[in-house]
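Enquirer: Before anything else, here's the structure in question.
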Amino acid sequence: MEKKLKTVIALGVGTRCDEKGEDTVVAPILERLGYKLERAKTNIGLGRASRPLETPARETVNA
Amino acid sequence: MTNTLHRFGDAESFRDDFVIFAIASKGTNDKDSLPKLRRFLEIAAEYKPVNLGDARHGGALRPSKSMNPMAHWNRDIQPDFAAVIAGLDHPTTCAAVFDNKVAAEDFVSRIRKEDLGLSINISTSIDGAEQCCHHACIPRHSVGYSLGFEGSVEKLPSSQVMTLSTMCGHGMVSHSLAKKMVDWVKEGRRTPEQAVSYMARFCSCGVFNPARAKRVLAEAVSQGAISQGAPNAK
């Protein structure tokens, strides 16, 4: 598709890593498609909820 | 918004570019996050960053409303990290930019020990971020890859201009300004330090990397390259 565009686009793809911090799913696909992976934003997983996550109110369907 | 993801260059060109973010999530951990974000900036200042900033007020070099043309010759171009820390008055994205891997690794390790509970992201080469995580004994949580630029890339300016302008992902360092700075430095009309300070002041969140920009300008001078023509964008 990008070959038909008359403008310039920047592409990005995000994925979750496994418990060892490895991406064994998306990176191989991208490399197979010919992308050379150079740069990324890496979330190092230090974020933590400081307040209880609100549980969405339950709704009855077709009530 | 991926304001640092699509910086132009190959992995090697990010050897002096490590952007580390801290952000709280609204409704999840934003309560009492202001002192934690300030602590993040205070700790970052200990590791000799090349820029420090928050998304509301900008970086360590900021624009001024009281200027005159003489400012070109006598303006202070030293970054003011203390002003960034003191000026943080609302929870927002905070960023620290380092020009070497050792400082970035040590900072990430320290942030892990501080256990602020904020979300921390590293924007650099994939290997560079992995090494920071390895140094801090943290497995990566998730990764957002940049796949580069596609489409009519022949319309893009030179790689030097792209490298400079994409260091502000909000587009506040225009191609024209970057090109002008490259040309001025090559013509000897400005030093690389002056040209870098001009560009850095336009960056609205403080992620512009003055050290990398200075290197790019120095390389432009040494190569004598013409600042026109399409880069190899992909």
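Order determines the names: the first chain of the structure tokens is A, the second B, and so forth; residues in each chain are numbered 1 upward, and ligands are numbered 1 upward as they are shown.
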Could you give me, as a PDB file with C-alpha atoms, in the first residue's frame, the residues within 6 Å of stretch 1-16 of chain B, counting only C-alpha atoms and dropping anything in the same chain fewer than 6 positions from it?

Expert:
ATOM      1  CA  GLU A  38      16.364  -0.320  14.557  1.00  0.00           C
TER       2      GLU A  38
ATOM      3  CA  ASP B  99      24.024  10.861  25.501  1.00  0.00           C
ATOM      4  CA  ASN B 100      25.706   7.677  26.698  1.00  0.00           C
ATOM      5  CA  SER B 125      17.798   1.510  19.660  1.00  0.00           C
ATOM      6  CA  SER B 146       9.408   2.029  14.601  1.00  0.00           C
ATOM      7  CA  THR B 163      17.799  13.466  11.904  1.00  0.00           C
ATOM      8  CA  THR B 166      12.595  14.209  14.034  1.00  0.00           C
ATOM      9  CA  MET B 167      14.232  14.772  17.408  1.00  0.00           C
ATOM     10  CA  GLY B 169       8.305  14.281  17.443  1.00  0.00           C
ATOM     11  CA  HIS B 170       5.715  17.024  17.859  1.00  0.00           C
TER      12      HIS B 170
END

Enquirer: Using only C-alpha atoms, which residues sit within 7 Å of B:Ser123 once same-chain residues fewer than 6 positions away are excluded, as a ChimeraX atom specification?

Expert: /A:40-42 /B:4-5,18-20

Enquirer: What gap, in Å, lies between atom CA of B:Ala129 and atom CA of B:Lys26?

Expert: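 These atoms are spaced 25.6 Å apart.
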
Enquirer: Stretch 5-146 of chain B: which residues are alpha helix (DSSP H) by DSSP, as a VMD selection string?

Expert: chain B and resid 33 to 46 71 to 74 81 to 87 101 to 114 126 to 135

Enquirer: Might you pull out every residue within 12 Å of B:Arg38, with only C-alpha atoms counted and same-chain residues fewer than 6 positions away left off, and present them as a JSON list (two decimals) with C-alpha atoms, in the first residue's frame?

Expert:
[["chain", "number", "residue", "atom", "x", "y", "z"],
["B", 22, "ALA", "CA", 8.06, 8.55, 33.26],
["B", 23, "ILE", "CA", 4.30, 8.87, 33.14],
["B", 32, "ASP", "CA", 0.19, 11.73, 44.43],
["B", 44, "ALA", "CA", 17.90, 12.02, 36.38],
["B", 45, "ALA", "CA", 19.79, 15.26, 37.04],
["B", 52, "LEU", "CA", 15.36, 17.19, 30.90],
["B", 53, "GLY", "CA", 11.77, 18.20, 30.40],
["B", 54, "ASP", "CA", 8.09, 17.85, 30.96],
["B", 81, "PHE", "CA", 17.80, 21.56, 34.80],
["B", 82, "ALA", "CA", 16.84, 23.10, 38.15],
["B", 83, "ALA", "CA", 14.18, 25.21, 36.41],
["B", 84, "VAL", "CA", 12.65, 22.08, 34.86],
["B", 85, "ILE", "CA", 12.44, 20.35, 38.24],
["B", 86, "ALA", "CA", 11.12, 23.44, 40.03],
["B", 87, "GLY", "CA", 8.62, 24.18, 37.26],
["B", 88, "LEU", "CA", 6.89, 20.80, 37.33],
["B", 89, "ASP", "CA", 3.47, 21.68, 38.74],
["B", 90, "HIS", "CA", 1.12, 19.10, 37.25],
["B", 91, "PRO", "CA", 1.29, 15.38, 36.54],
["B", 92, "THR", "CA", 2.46, 14.99, 32.96],
["B", 93, "THR", "CA", 5.02, 13.10, 30.92],
["B", 94, "CYS", "CA", 8.55, 13.72, 32.17],
["B", 95, "ALA", "CA", 11.63, 12.88, 30.14],
["B", 96, "ALA", "CA", 15.35, 12.60, 30.67],
["B", 116, "LEU", "CA", 8.22, 4.99, 42.13],
["B", 118, "LEU", "CA", 5.36, 5.11, 37.50]]

Enquirer: With 6 Å as the limit and counting only C-alpha atoms, what residues in chain A lie close to chain B? Please list them as a VMD selection string.

Expert: chain A and resid 2 to 3 5 to 17 20 to 21 38 to 51

Enquirer: Atoms to include: N, CA and C atoms. Write the selected residues as a PDB file, in the first residue's frame.

Expert:
ATOM      1  N   GLU A   2       1.969   1.202   0.749  1.00  0.00           N
ATOM      2  CA  GLU A   2       2.784   2.412   0.896  1.00  0.00           C
ATOM      3  C   GLU A   2       3.364   2.915  -0.425  1.00  0.00           C
ATOM      4  N   LYS A   3       3.485   1.990  -1.398  1.00  0.00           N
ATOM      5  CA  LYS A   3       4.034   2.382  -2.692  1.00  0.00           C
ATOM      6  C   LYS A   3       3.055   3.244  -3.484  1.00  0.00           C
ATOM      7  N   LEU A   5       1.052   5.545  -2.036  1.00  0.00           N
ATOM      8  CA  LEU A   5       0.774   6.786  -1.313  1.00  0.00           C
ATOM      9  C   LEU A   5       1.506   7.958  -1.944  1.00  0.00           C
ATOM     10  N   LYS A   6       0.818   9.113  -1.955  1.00  0.00           N
ATOM     11  CA  LYS A   6       1.442  10.321  -2.458  1.00  0.00           C
ATOM     12  C   LYS A   6       1.971  11.174  -1.320  1.00  0.00           C
ATOM     13  N   THR A   7       2.040  10.606  -0.151  1.00  0.00           N
ATOM     14  CA  THR A   7       2.575  11.315   0.995  1.00  0.00           C
ATOM     15  C   THR A   7       3.535  10.385   1.735  1.00  0.00           C
ATOM     16  N   VAL A   8       4.009  10.847   2.864  1.00  0.00           N
ATOM     17  CA  VAL A   8       4.954  10.048   3.651  1.00  0.00           C
ATOM     18  C   VAL A   8       4.271   9.631   4.948  1.00  0.00           C
ATOM     19  N   ILE A   9       4.440   8.375   5.310  1.00  0.00           N
ATOM     20  CA  ILE A   9       3.873   7.892   6.566  1.00  0.00           C
ATOM     21  C   ILE A   9       4.970   7.269   7.414  1.00  0.00           C
ATOM     22  N   ALA A  10       4.751   7.289   8.712  1.00  0.00           N
ATOM     23  CA  ALA A  10       5.645   6.586   9.636  1.00  0.00           C
ATOM     24  C   ALA A  10       4.859   5.421  10.215  1.00  0.00           C
ATOM     25  N   LEU A  11       5.456   4.246  10.177  1.00  0.00           N
ATOM     26  CA  LEU A  11       4.774   3.048  10.650  1.00  0.00           C
ATOM     27  C   LEU A  11       5.349   2.586  11.982  1.00  0.00           C
ATOM     28  N   GLY A  12       4.471   2.096  12.839  1.00  0.00           N
ATOM     29  CA  GLY A  12       4.913   1.530  14.104  1.00  0.00           C
ATOM     30  C   GLY A  12       4.065   0.334  14.475  1.00  0.00           C
ATOM     31  N   VAL A  13       4.652  -0.604  15.177  1.00  0.00           N
ATOM     32  CA  VAL A  13       3.944  -1.796  15.631  1.00  0.00           C
ATOM     33  C   VAL A  13       4.307  -2.057  17.085  1.00  0.00           C
ATOM     34  N   GLY A  14       3.308  -2.316  17.903  1.00  0.00           N
ATOM     35  CA  GLY A  14       3.565  -2.589  19.314  1.00  0.00           C
ATOM     36  C   GLY A  14       3.200  -4.008  19.678  1.00  0.00           C
ATOM     37  N   THR A  15       3.925  -4.567  20.649  1.00  0.00           N
ATOM     38  CA  THR A  15       3.609  -5.922  21.096  1.00  0.00           C
ATOM     39  C   THR A  15       4.016  -6.115  22.552  1.00  0.00           C
ATOM     40  N   ARG A  16       3.388  -7.080  23.176  1.00  0.00           N
ATOM     41  CA  ARG A  16       3.708  -7.453  24.549  1.00  0.00           C
ATOM     42  C   ARG A  16       4.848  -8.467  24.514  1.00  0.00           C
ATOM     43  N   CYS A  17       5.773  -8.363  25.448  1.00  0.00           N
ATOM     44  CA  CYS A  17       6.860  -9.335  25.534  1.00  0.00           C
ATOM     45  C   CYS A  17       6.441 -10.500  26.442  1.00  0.00           C
ATOM     46  N   LYS A  20      10.038 -13.510  29.926  1.00  0.00           N
ATOM     47  CA  LYS A  20      11.497 -13.308  29.933  1.00  0.00           C
ATOM     48  C   LYS A  20      11.890 -11.994  29.267  1.00  0.00           C
ATOM     49  N   GLY A  21      10.891 -11.228  28.831  1.00  0.00           N
ATOM     50  CA  GLY A  21      11.175  -9.953  28.187  1.00  0.00           C
ATOM     51  C   GLY A  21      11.498 -10.084  26.714  1.00  0.00           C
ATOM     52  N   GLU A  38      15.271  -1.148  14.047  1.00  0.00           N
ATOM     53  CA  GLU A  38      16.364  -0.320  14.557  1.00  0.00           C
ATOM     54  C   GLU A  38      16.015   0.324  15.898  1.00  0.00           C
ATOM     55  N   ARG A  39      14.810   0.907  15.958  1.00  0.00           N
ATOM     56  CA  ARG A  39      14.456   1.707  17.121  1.00  0.00           C
ATOM     57  C   ARG A  39      13.108   1.263  17.680  1.00  0.00           C
ATOM     58  N   ALA A  40      12.952   1.441  18.975  1.00  0.00           N
ATOM     59  CA  ALA A  40      11.679   1.106  19.607  1.00  0.00           C
ATOM     60  C   ALA A  40      11.524   1.902  20.886  1.00  0.00           C
ATOM     61  N   LYS A  41      10.280   1.986  21.309  1.00  0.00           N
ATOM     62  CA  LYS A  41      10.003   2.436  22.666  1.00  0.00           C
ATOM     63  C   LYS A  41       9.778   1.181  23.490  1.00  0.00           C
ATOM     64  N   THR A  42      10.537   1.061  24.542  1.00  0.00           N
ATOM     65  CA  THR A  42      10.479  -0.142  25.358  1.00  0.00           C
ATOM     66  C   THR A  42       9.901   0.188  26.723  1.00  0.00           C
ATOM     67  N   ASN A  43       8.767  -0.426  27.048  1.00  0.00           N
ATOM     68  CA  ASN A  43       8.181  -0.261  28.376  1.00  0.00           C
ATOM     69  C   ASN A  43       8.824  -1.291  29.286  1.00  0.00           C
ATOM     70  N   ILE A  44       9.385  -0.829  30.397  1.00  0.00           N
ATOM     71  CA  ILE A  44      10.126  -1.768  31.249  1.00  0.00           C
ATOM     72  C   ILE A  44       9.262  -2.305  32.391  1.00  0.00           C
ATOM     73  N   GLY A  45       7.986  -1.973  32.388  1.00  0.00           N
ATOM     74  CA  GLY A  45       7.040  -2.655  33.274  1.00  0.00           C
ATOM     75  C   GLY A  45       7.113  -2.271  34.736  1.00  0.00           C
ATOM     76  N   LEU A  46       7.534  -1.054  35.042  1.00  0.00           N
ATOM     77  CA  LEU A  46       7.624  -0.638  36.448  1.00  0.00           C
ATOM     78  C   LEU A  46       6.353   0.049  36.940  1.00  0.00           C
ATOM     79  N   GLY A  47       5.411   0.326  36.035  1.00  0.00           N
ATOM     80  CA  GLY A  47       4.173   0.984  36.435  1.00  0.00           C
ATOM     81  C   GLY A  47       3.337   0.090  37.339  1.00  0.00           C
ATOM     82  N   ARG A  48       2.671   0.729  38.278  1.00  0.00           N
ATOM     83  CA  ARG A  48       1.901  -0.046  39.256  1.00  0.00           C
ATOM     84  C   ARG A  48       0.654   0.742  39.634  1.00  0.00           C
ATOM     85  N   ALA A  49      -0.487   0.088  39.708  1.00  0.00           N
ATOM     86  CA  ALA A  49      -1.716   0.766  40.116  1.00  0.00           C
ATOM     87  C   ALA A  49      -1.628   1.127  41.591  1.00  0.00           C
ATOM     88  N   SER A  50      -1.901   2.396  41.902  1.00  0.00           N
ATOM     89  CA  SER A  50      -1.821   2.833  43.295  1.00  0.00           C
ATOM     90  C   SER A  50      -3.196   2.929  43.921  1.00  0.00           C
ATOM     91  N   ARG A  51      -4.208   2.736  43.114  1.00  0.00           N
ATOM     92  CA  ARG A  51      -5.570   2.716  43.650  1.00  0.00           C
ATOM     93  C   ARG A  51      -6.293   1.529  43.030  1.00  0.00           C
TER      94      ARG A  51
END

Enquirer: Which residue, B:His72, B:Glu219, B:Asp183, B:Lys48, has the smallest gap to B:Val102 when you use only C-alpha atoms?

Expert: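 Closest to B:Val102 of all the choices is B:Lys48.
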
Enquirer: What is the atom CA of A:Asp18-atom CA of A:Leu30 distance in Å, reported with one decimal?

Expert: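 That distance, rounded to one decimal, is 17.3 Å.
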